[in-house]
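Enquirer: Contents of my_file_33.txt (compact mmCIF, C-alpha atoms) are given next:
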# COMPACT_ATOMS: atom_id res chain seq x y z
CA MET A 23 -46.78 111.37 -222.74
CA TYR A 24 -44.21 113.39 -220.81
CA ALA A 25 -44.36 116.42 -223.09
CA GLY A 26 -48.07 116.47 -222.32
CA ALA A 27 -47.38 116.20 -218.59
CA ALA A 28 -45.05 119.21 -218.77
CA VAL A 29 -47.75 121.25 -220.52
CA ALA A 30 -50.33 120.16 -217.93
CA VAL A 31 -48.14 121.39 -215.07
CA ASP A 32 -47.87 124.77 -216.83
CA LEU A 33 -51.68 124.95 -216.94
CA PHE A 34 -52.00 124.31 -213.19
CA GLY A 35 -51.40 128.01 -212.61
CA HIS A 36 -54.49 128.91 -214.66
CA ALA A 37 -56.95 126.11 -213.86
CA THR A 38 -57.60 123.58 -211.12
CA PRO A 39 -55.94 120.16 -211.48
CA ALA A 40 -59.35 118.59 -212.13
CA GLY A 41 -60.09 121.33 -214.64
CA VAL A 42 -56.87 120.59 -216.52
CA ALA A 43 -57.78 116.89 -216.58
CA TRP A 44 -61.19 117.81 -218.03
CA LEU A 45 -59.52 119.96 -220.71
CA ARG A 46 -57.30 116.99 -221.53
CA CYS A 47 -60.40 114.83 -221.96
CA LEU A 48 -62.13 117.50 -224.07
CA GLY A 49 -59.12 117.92 -226.34
CA ALA A 50 -58.75 114.17 -226.79
CA ALA A 51 -62.45 113.72 -227.57
CA ALA A 52 -62.46 116.53 -230.15
CA VAL A 53 -59.36 115.24 -231.97
CA LEU A 54 -60.39 111.57 -231.88
CA LEU A 55 -63.94 112.24 -233.11
CA ALA A 56 -62.70 114.46 -235.94
CA TRP A 57 -60.11 111.84 -236.91
CA ARG A 58 -62.05 108.59 -236.51
CA ARG A 59 -65.68 109.65 -237.20
CA PRO A 60 -67.07 106.44 -235.63
CA GLY A 61 -69.72 104.66 -237.71
CA ARG A 62 -73.25 103.85 -236.62
CA ALA A 63 -72.30 100.44 -235.21
CA ALA A 64 -70.00 102.06 -232.64
CA TRP A 65 -72.90 104.11 -231.21
CA TRP A 66 -75.14 101.16 -230.43
CA GLY A 67 -75.66 98.37 -227.93
CA ARG A 68 -73.06 96.68 -225.78
CA ARG A 69 -70.17 98.22 -227.66
CA LEU A 70 -71.43 101.72 -226.88
CA LEU A 71 -71.98 100.91 -223.20
CA LEU A 72 -68.47 99.49 -222.89
CA ALA A 73 -66.99 102.57 -224.57
CA ILE A 74 -68.85 104.89 -222.19
CA VAL A 75 -67.75 103.03 -219.05
CA PHE A 76 -64.17 102.84 -220.35
CA GLY A 77 -64.10 106.55 -221.15
CA VAL A 78 -65.52 107.64 -217.81
CA VAL A 79 -63.12 105.40 -215.84
CA THR A 80 -60.13 106.64 -217.87
CA ALA A 81 -61.11 110.29 -217.54
CA GLY A 82 -61.64 109.75 -213.81
CA MET A 83 -58.18 108.19 -213.56
CA ASN A 84 -56.65 111.34 -215.03
CA VAL A 85 -58.61 113.61 -212.68
CA LEU A 86 -57.57 111.61 -209.62
CA PHE A 87 -53.92 111.53 -210.68
CA TYR A 88 -53.77 115.29 -211.31
CA GLU A 89 -55.36 115.92 -207.91
CA ALA A 90 -52.79 113.57 -206.35
CA ILE A 91 -49.74 115.28 -207.89
CA ALA A 92 -51.11 118.64 -206.74
CA ARG A 93 -50.74 117.38 -203.14
CA LEU A 94 -47.91 114.80 -203.22
CA PRO A 95 -44.39 114.63 -204.66
CA LEU A 96 -44.67 113.37 -208.23
CA GLY A 97 -42.55 110.28 -207.57
CA THR A 98 -44.69 109.26 -204.60
CA ALA A 99 -47.91 109.67 -206.58
CA VAL A 100 -46.52 107.69 -209.53
CA ALA A 101 -45.36 104.82 -207.30
CA MET A 102 -48.69 104.64 -205.48
CA GLU A 103 -50.68 104.79 -208.73
CA PHE A 104 -48.61 101.94 -210.11
CA ALA A 105 -50.22 99.68 -207.50
CA GLY A 106 -53.09 99.29 -209.97
CA PRO A 107 -51.06 97.67 -212.77
CA VAL A 108 -49.14 95.62 -210.18
CA VAL A 109 -52.40 94.06 -208.92
CA VAL A 110 -53.51 93.28 -212.49
CA ALA A 111 -50.12 91.74 -213.30
CA ALA A 112 -50.14 89.76 -210.04
CA LEU A 113 -53.57 88.28 -210.77
CA GLY A 114 -52.31 87.20 -214.18
CA SER A 115 -49.08 85.65 -212.89
CA ARG A 116 -49.09 81.86 -213.10
CA THR A 117 -45.46 80.90 -212.42
CA LEU A 118 -42.73 81.70 -209.89
CA ARG A 119 -40.84 83.32 -212.75
CA ASP A 120 -43.70 85.77 -213.29
CA VAL A 121 -43.94 86.52 -209.57
CA PHE A 122 -40.19 87.21 -209.36
CA ALA A 123 -40.40 89.40 -212.45
CA LEU A 124 -43.24 91.38 -210.87
CA LEU A 125 -41.28 91.87 -207.63
CA LEU A 126 -38.33 93.21 -209.65
CA VAL A 127 -40.62 95.61 -211.52
CA ALA A 128 -42.36 96.87 -208.37
CA ALA A 129 -39.06 97.41 -206.53
CA GLY A 130 -37.63 99.18 -209.57
CA VAL A 131 -40.56 101.58 -209.85
CA VAL A 132 -40.29 102.50 -206.16
CA ALA A 133 -36.55 103.15 -206.56
CA ILE A 134 -37.02 105.28 -209.68
CA ALA A 135 -39.92 107.24 -208.22
CA ASP A 136 -37.90 108.42 -205.20
CA VAL A 137 -40.83 107.85 -202.86
CA ARG A 138 -41.15 110.19 -199.90
CA LEU A 139 -43.35 109.33 -196.98
CA SER A 140 -44.45 112.92 -196.40
CA GLY A 141 -47.68 114.08 -197.98
CA SER A 142 -51.33 114.91 -197.41
CA PHE A 143 -54.03 112.44 -196.45
CA TRP A 144 -56.18 113.53 -199.40
CA GLY A 145 -53.22 113.22 -201.75
CA VAL A 146 -52.78 109.59 -200.70
CA LEU A 147 -56.49 108.88 -201.22
CA PHE A 148 -56.42 110.47 -204.67
CA ALA A 149 -53.34 108.44 -205.62
CA LEU A 150 -54.92 105.18 -204.45
CA GLY A 151 -58.10 106.08 -206.33
CA ALA A 152 -56.01 106.65 -209.44
CA ALA A 153 -54.41 103.23 -208.90
CA ALA A 154 -57.81 101.53 -208.81
CA ALA A 155 -58.89 103.44 -211.92
CA TRP A 156 -55.67 102.45 -213.71
CA ALA A 157 -56.44 98.80 -213.04
CA GLY A 158 -59.92 99.40 -214.44
CA TYR A 159 -58.39 101.09 -217.49
CA ILE A 160 -56.32 97.97 -218.24
CA LEU A 161 -59.20 95.51 -217.78
CA LEU A 162 -61.73 97.59 -219.72
CA GLY A 163 -59.14 98.62 -222.32
CA LYS A 164 -58.53 94.98 -223.16
CA ARG A 165 -62.24 94.44 -223.76
CA VAL A 166 -62.44 97.55 -225.93
CA ALA A 167 -59.39 96.49 -227.94
CA VAL A 168 -60.75 93.05 -228.82
CA GLY A 169 -64.42 94.04 -229.09
CA GLY A 170 -64.25 95.97 -232.35
CA ASP A 171 -62.38 99.05 -233.53
CA GLY A 172 -60.70 100.19 -230.33
CA LEU A 173 -59.87 103.67 -231.63
CA ASP A 174 -63.52 104.38 -232.48
CA SER A 175 -64.56 103.26 -229.00
CA LEU A 176 -61.76 105.39 -227.55
CA ALA A 177 -63.21 108.44 -229.31
CA ILE A 178 -66.73 107.74 -228.05
CA GLY A 179 -65.43 106.97 -224.56
CA PHE A 180 -63.67 110.29 -224.20
CA PHE A 181 -66.72 112.11 -225.55
CA ALA A 182 -68.75 110.41 -222.81
CA GLY A 183 -66.12 111.18 -220.19
CA THR A 184 -66.14 114.85 -221.21
CA VAL A 185 -69.93 115.02 -220.82
CA VAL A 186 -70.11 113.14 -217.52
CA LEU A 187 -67.31 115.19 -215.95
CA SER A 188 -68.46 118.50 -217.44
CA PRO A 189 -69.03 120.10 -213.97
CA LEU A 190 -65.22 120.13 -213.67
CA ALA A 191 -65.20 122.75 -216.45
CA LEU A 192 -66.02 125.28 -213.72
CA GLY A 193 -62.34 125.07 -212.77
CA THR A 194 -61.14 126.15 -216.23
CA GLY A 195 -62.49 129.72 -216.30
CA ALA A 196 -59.26 131.57 -217.11
CA VAL A 197 -58.38 129.21 -219.96
CA TRP A 198 -61.33 130.25 -222.16
CA SER A 199 -60.18 133.86 -222.30
CA SER A 200 -56.78 132.89 -223.73
CA PRO A 201 -56.46 131.14 -227.13
CA ARG A 202 -52.93 130.12 -226.14
CA LEU A 203 -54.06 128.35 -222.97
CA LEU A 204 -56.96 126.70 -224.78
CA LEU A 205 -54.56 125.41 -227.44
CA LEU A 206 -52.30 124.07 -224.70
CA GLY A 207 -55.28 122.24 -223.18
CA VAL A 208 -56.01 120.57 -226.51
CA GLY A 209 -52.29 119.81 -226.84
CA VAL A 210 -52.34 117.97 -223.51
CA GLY A 211 -55.21 115.85 -224.82
CA VAL A 212 -53.28 114.95 -227.97
CA LEU A 213 -49.90 114.30 -226.34
CA SER A 214 -51.02 112.61 -223.13
CA THR A 215 -54.14 110.82 -224.35
CA VAL A 216 -54.63 110.44 -228.12
CA VAL A 217 -51.13 109.18 -228.91
CA PRO A 218 -50.33 106.95 -225.89
CA TYR A 219 -53.85 105.56 -225.35
CA GLY A 220 -54.19 104.95 -229.08
CA LEU A 221 -50.96 102.95 -228.98
CA ASP A 222 -52.27 101.10 -225.93
CA GLN A 223 -55.19 99.87 -228.02
CA VAL A 224 -52.78 98.47 -230.61
CA VAL A 225 -50.71 96.72 -227.93
CA LEU A 226 -53.71 95.35 -226.01
CA ARG A 227 -54.95 93.56 -229.11
CA ARG A 228 -51.67 91.63 -229.22
CA VAL A 229 -50.79 90.85 -225.59
CA GLY A 230 -52.62 89.74 -222.46
CA GLN A 231 -53.65 92.31 -219.89
CA ALA A 232 -51.21 90.97 -217.26
CA ARG A 233 -48.23 91.31 -219.58
CA PHE A 234 -49.46 94.74 -220.65
CA ALA A 235 -49.65 95.80 -216.98
CA THR A 236 -46.03 94.70 -216.52
CA LEU A 237 -44.94 96.60 -219.64
CA LEU A 238 -46.39 99.79 -218.15
CA ALA A 239 -43.43 99.80 -215.75
CA LEU A 240 -41.35 101.04 -218.69
CA LEU A 241 -43.07 104.42 -218.37
CA PRO A 242 -40.97 105.72 -215.44
CA VAL A 243 -37.89 104.24 -217.14
CA THR A 244 -38.67 106.20 -220.29
CA ALA A 245 -39.18 109.36 -218.25
CA GLY A 246 -35.74 108.91 -216.68
CA VAL A 247 -34.07 108.30 -220.04
CA MET A 248 -35.70 111.39 -221.56
CA GLY A 249 -34.68 113.46 -218.56
CA PHE A 250 -31.09 112.32 -219.01
CA LEU A 251 -30.96 112.88 -222.79
CA LEU A 252 -32.91 116.15 -223.01
CA LEU A 253 -32.46 117.80 -219.63
CA GLY A 254 -29.11 116.46 -218.49
CA GLN A 255 -30.66 114.95 -215.37
CA VAL A 256 -28.21 112.27 -214.25
CA PRO A 257 -29.91 109.46 -212.30
CA SER A 258 -28.66 108.49 -208.87
CA VAL A 259 -27.23 105.05 -208.18
CA VAL A 260 -30.57 103.96 -206.66
CA GLU A 261 -32.52 105.26 -209.67
CA ALA A 262 -30.16 103.56 -212.09
CA GLY A 263 -30.55 100.32 -210.15
CA GLY A 264 -34.32 100.73 -210.28
CA THR A 265 -34.19 101.19 -214.05
CA LEU A 266 -32.18 97.98 -214.45
CA ALA A 267 -34.61 96.12 -212.18
CA VAL A 268 -37.62 97.22 -214.24
CA VAL A 269 -35.98 96.27 -217.54
CA ALA A 270 -34.93 92.91 -216.11
CA GLY A 271 -38.42 92.24 -214.74
CA VAL A 272 -40.13 93.10 -218.03
CA ALA A 273 -37.69 90.89 -219.95
CA LEU A 274 -38.04 88.04 -217.45
CA ARG A 275 -41.83 87.81 -217.49
CA SER A 276 -43.04 84.93 -219.62
CA ARG A 277 -44.79 85.62 -222.90
CA ASP A 278 -48.52 85.11 -223.19
CA ALA A 279 -49.32 81.72 -224.64
CA PRO A 280 -52.12 81.73 -227.21
CA GLY A 281 -55.41 81.31 -225.43
CA SER A 282 -53.80 81.53 -221.98
CA GLU A 283 -55.76 84.63 -221.07
CA PRO A 284 -59.38 85.36 -221.86
CA PRO A 285 -59.95 88.29 -224.22
CA GLY A 286 -61.75 90.30 -221.54
The structure given in the file should be rewritten as structure tokens.

Expert:
Amino acid sequence: MYAGAAVAVDLFGHATPAGVAWLRCLGAAAVLLAWRRPGRAAWWGRRLLLAIVFGVVTAGMNVLFYEAIARLPLGTAVAMEFAGPVVVAALGSRTLRDVFALLLVAAGVVAIADVRLSGSFWGVLFALGAAAAWAGYILLGKRVAVGGDGLDSLAIGFFAGTVVLSPLALGTGAVWSSPRLLLLGVGVGVLSTVVPYGLDQVVLRRVGQARFATLLALLPVTAGVMGFLLLGQVPSVVEAGGTLAVVAGVALRSRDAPGSEPPG
């Protein structure tokens, strides 16, 4: 996930943020279709429609987030985008324990993200749009995961997202003249989409969407740990406290009881 993000930032100098997001979608679609080769059943009926909507929403989420981080500090954009999973987790919370766990997680993410109040109006709108799309990704992703072979639907969804958002390819002009940049674009799709979203499908088949939304708070924790181990970036006291709060909140949230949450 974060290796892909680093590559995407490198591409920002050669393509628009939305163009990079479209390249990410294109790369993911190409790799997933070549790998999975979805059967005829995946291209028909309700399953196909769900895959298309899921793919377009997910691709749109990536576009909105890239546009947000082009205008806002990364930590601010991440914290604002996390509002989407927080809402999903809140709607699935049934006990005071779950509510307290969610408050710990939300406070921890804000502390880790080092939120700054400065930023552009459009950046804030893009970040909030990404938050809404992230909530949609969780809700639709759960349906995809339990509705058949989630990885096949993921492949079809990203193919659909690539087609629907194809006008964004106009912002990728310089990339097509460089095999290196084109390979990097495909690499972003593999690292930031194929691997993590494929794993999401595995997890979503096993846990409820509210618990999954809470688990997503481990993403900024993982980023901080990798920064410490690989880049020597020592977290501040506030960031360390935020990490502990997230871990405590995820551990505190109750497990999903069988049948406690509808499959969709």

Enquirer: Within 8 Å of segment 226-229 of chain A, counting all atoms listed in the file, which residues show up once you throw out same-chain ones fewer than 3 positions away? Write them as a ChimeraX atom specification, please.

Expert: /A:163-164,167-168,222-223,233-234,278

Enquirer: Which residue, A:Ala155, A:Leu96, A:Leu192, A:Val210, has the smallest gap to Met83 of chain A when you use all atoms listed in the file?

Expert: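 Under the stated criterion, the closest residue is A:Ala155.
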
Enquirer: Measure the distance from atom CA of Leu70 of chain A to atom CA of Asp171 of chain A in Å and round it to one decimal.

Expert: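 So the two atoms, atom CA of Leu70 of chain A and atom CA of Asp171 of chain A, lie 11.5 Å apart.
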
Enquirer: So which one's closest to Pro60 of chain A, A:Val132, A:Leu240, A:Leu274, A:Ile178? Using all atoms listed in the file, please.

Expert: A:Ile178

Enquirer: Find, counting all atoms listed in the file, the residue in A:Gly26, A:Gly61, A:Pro39, A:Gly82 that gets nearest to Gly158 of chain A.

Expert: A:Gly82

Enquirer: Distance atom CA of Gly130 of chain A-atom CA of Ala101 of chain A, one decimal place?

Expert: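 Between these atoms lies a distance of 9.8 Å.
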
Enquirer: Go ahead and compute the interatomic distance for atom CA of Gly207 of chain A and atom CA of Leu45 of chain A, in Å to one decimal.

Expert: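 Interatomic distance, atom CA of Gly207 of chain A to atom CA of Leu45 of chain A: 5.4 Å.
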
Enquirer: Under the rule that only C-alpha atoms are counted, which of A:Ala149, A:Leu176, A:Ala30, A:Ala52 is the nearest residue to Thr80 of chain A?

Expert: A:Leu176

Enquirer: Between A:Ala81, A:Ala50, A:Ala177, A:Ala40, which is the closest to Gly209 of chain A once you count only C-alpha atoms?

Expert: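 Answer, going by the shortest atom-to-atom distance: A:Ala50.
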
Enquirer: Find the residues around segment 113-123 of chain A up to 8 Å (only C-alpha atoms counted), leave out those fewer than 4 positions away in its own chain, and share them as a PyMOL selection string.

Expert: chain A and resi 109+127+231-233+270-272+274-276

Enquirer: Using only C-alpha atoms, which of A:Gly172, A:Gly220, A:Pro107, A:Gly49 sits nearest Leu237 of chain A?

Expert: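 Checking each candidate against Leu237 of chain A, we get A:Pro107 as the closest.
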
Enquirer: Give me the residues near Val208 of chain A as a PDB file with C-alpha atoms, in the frame of the given file, where near means some atom within 12 Å (using only C-alpha atoms) and where sequence neighbours in that chain fewer than 5 positions away do not count.

Expert:
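Done, and the output landed in selection39.pdb:
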ATOM      1  CA  GLY A  26     -48.070 116.470-222.320  1.00  0.00           C
ATOM      2  CA  VAL A  29     -47.750 121.250-220.520  1.00  0.00           C
ATOM      3  CA  ALA A  30     -50.330 120.160-217.930  1.00  0.00           C
ATOM      4  CA  LEU A  33     -51.680 124.950-216.940  1.00  0.00           C
ATOM      5  CA  VAL A  42     -56.870 120.590-216.520  1.00  0.00           C
ATOM      6  CA  ALA A  43     -57.780 116.890-216.580  1.00  0.00           C
ATOM      7  CA  TRP A  44     -61.190 117.810-218.030  1.00  0.00           C
ATOM      8  CA  LEU A  45     -59.520 119.960-220.710  1.00  0.00           C
ATOM      9  CA  ARG A  46     -57.300 116.990-221.530  1.00  0.00           C
ATOM     10  CA  CYS A  47     -60.400 114.830-221.960  1.00  0.00           C
ATOM     11  CA  LEU A  48     -62.130 117.500-224.070  1.00  0.00           C
ATOM     12  CA  GLY A  49     -59.120 117.920-226.340  1.00  0.00           C
ATOM     13  CA  ALA A  50     -58.750 114.170-226.790  1.00  0.00           C
ATOM     14  CA  ALA A  51     -62.450 113.720-227.570  1.00  0.00           C
ATOM     15  CA  ALA A  52     -62.460 116.530-230.150  1.00  0.00           C
ATOM     16  CA  VAL A  53     -59.360 115.240-231.970  1.00  0.00           C
ATOM     17  CA  LEU A  54     -60.390 111.570-231.880  1.00  0.00           C
ATOM     18  CA  VAL A 197     -58.380 129.210-219.960  1.00  0.00           C
ATOM     19  CA  TRP A 198     -61.330 130.250-222.160  1.00  0.00           C
ATOM     20  CA  PRO A 201     -56.460 131.140-227.130  1.00  0.00           C
ATOM     21  CA  ARG A 202     -52.930 130.120-226.140  1.00  0.00           C
ATOM     22  CA  LEU A 203     -54.060 128.350-222.970  1.00  0.00           C
ATOM     23  CA  LEU A 213     -49.900 114.300-226.340  1.00  0.00           C
ATOM     24  CA  SER A 214     -51.020 112.610-223.130  1.00  0.00           C
ATOM     25  CA  THR A 215     -54.140 110.820-224.350  1.00  0.00           C
ATOM     26  CA  VAL A 216     -54.630 110.440-228.120  1.00  0.00           C
TER      27      VAL A 216
END

Enquirer: Missing atoms in segment 49-72 of chain A: can you complete it with N, CA and C atoms, as a JSON list (two decimals), in the frame of the given file?

Expert:
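That gives us selection_10.json:
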[["chain", "number", "residue", "atom", "x", "y", "z"],
["A", 49, "GLY", "N", -60.00, 117.86, -225.18],
["A", 49, "GLY", "CA", -59.12, 117.92, -226.34],
["A", 49, "GLY", "C", -58.99, 116.57, -227.02],
["A", 50, "ALA", "N", -58.86, 115.51, -226.22],
["A", 50, "ALA", "CA", -58.75, 114.17, -226.79],
["A", 50, "ALA", "C", -60.02, 113.78, -227.54],
["A", 51, "ALA", "N", -61.18, 114.07, -226.94],
["A", 51, "ALA", "CA", -62.45, 113.72, -227.57],
["A", 51, "ALA", "C", -62.61, 114.44, -228.90],
["A", 52, "ALA", "N", -62.30, 115.74, -228.93],
["A", 52, "ALA", "CA", -62.46, 116.53, -230.15],
["A", 52, "ALA", "C", -61.57, 115.99, -231.27],
["A", 53, "VAL", "N", -60.31, 115.72, -230.95],
["A", 53, "VAL", "CA", -59.36, 115.24, -231.97],
["A", 53, "VAL", "C", -59.73, 113.84, -232.44],
["A", 54, "LEU", "N", -60.07, 112.95, -231.51],
["A", 54, "LEU", "CA", -60.39, 111.57, -231.88],
["A", 54, "LEU", "C", -61.67, 111.49, -232.72],
["A", 55, "LEU", "N", -62.69, 112.26, -232.34],
["A", 55, "LEU", "CA", -63.94, 112.24, -233.11],
["A", 55, "LEU", "C", -63.74, 112.80, -234.51],
["A", 56, "ALA", "N", -62.96, 113.88, -234.62],
["A", 56, "ALA", "CA", -62.70, 114.46, -235.94],
["A", 56, "ALA", "C", -61.88, 113.51, -236.80],
["A", 57, "TRP", "N", -60.98, 112.76, -236.17],
["A", 57, "TRP", "CA", -60.11, 111.84, -236.91],
["A", 57, "TRP", "C", -60.84, 110.55, -237.29],
["A", 58, "ARG", "N", -61.49, 109.92, -236.30],
["A", 58, "ARG", "CA", -62.05, 108.59, -236.51],
["A", 58, "ARG", "C", -63.46, 108.62, -237.13],
["A", 59, "ARG", "N", -64.28, 109.60, -236.74],
["A", 59, "ARG", "CA", -65.68, 109.65, -237.20],
["A", 59, "ARG", "C", -66.35, 108.28, -237.08],
["A", 60, "PRO", "N", -66.54, 107.79, -235.83],
["A", 60, "PRO", "CA", -67.07, 106.44, -235.63],
["A", 60, "PRO", "C", -68.38, 106.20, -236.37],
["A", 61, "GLY", "N", -68.51, 105.02, -236.97],
["A", 61, "GLY", "CA", -69.72, 104.66, -237.71],
["A", 61, "GLY", "C", -70.87, 104.34, -236.78],
["A", 62, "ARG", "N", -72.03, 104.07, -237.39],
["A", 62, "ARG", "CA", -73.25, 103.85, -236.62],
["A", 62, "ARG", "C", -73.12, 102.68, -235.65],
["A", 63, "ALA", "N", -72.42, 101.63, -236.06],
["A", 63, "ALA", "CA", -72.30, 100.44, -235.21],
["A", 63, "ALA", "C", -71.62, 100.74, -233.88],
["A", 64, "ALA", "N", -70.73, 101.73, -233.86],
["A", 64, "ALA", "CA", -70.00, 102.06, -232.64],
["A", 64, "ALA", "C", -70.87, 102.81, -231.63],
["A", 65, "TRP", "N", -72.03, 103.32, -232.08],
["A", 65, "TRP", "CA", -72.90, 104.11, -231.21],
["A", 65, "TRP", "C", -74.12, 103.30, -230.76],
["A", 66, "TRP", "N", -73.97, 101.99, -230.71],
["A", 66, "TRP", "CA", -75.14, 101.16, -230.43],
["A", 66, "TRP", "C", -74.79, 99.97, -229.55],
["A", 67, "GLY", "N", -75.72, 99.62, -228.66],
["A", 67, "GLY", "CA", -75.66, 98.37, -227.93],
["A", 67, "GLY", "C", -74.53, 98.25, -226.93],
["A", 68, "ARG", "N", -74.07, 97.02, -226.77],
["A", 68, "ARG", "CA", -73.06, 96.68, -225.78],
["A", 68, "ARG", "C", -71.74, 97.41, -226.05],
["A", 69, "ARG", "N", -71.41, 97.54, -227.31],
["A", 69, "ARG", "CA", -70.17, 98.22, -227.66],
["A", 69, "ARG", "C", -70.18, 99.68, -227.19],
["A", 70, "LEU", "N", -71.31, 100.34, -227.34],
["A", 70, "LEU", "CA", -71.43, 101.72, -226.88],
["A", 70, "LEU", "C", -71.32, 101.80, -225.36],
["A", 71, "LEU", "N", -72.01, 100.90, -224.67],
["A", 71, "LEU", "CA", -71.98, 100.91, -223.20],
["A", 71, "LEU", "C", -70.56, 100.69, -222.69],
["A", 72, "LEU", "N", -69.84, 99.74, -223.30],
["A", 72, "LEU", "CA", -68.47, 99.49, -222.89],
["A", 72, "LEU", "C", -67.59, 100.71, -223.12]]
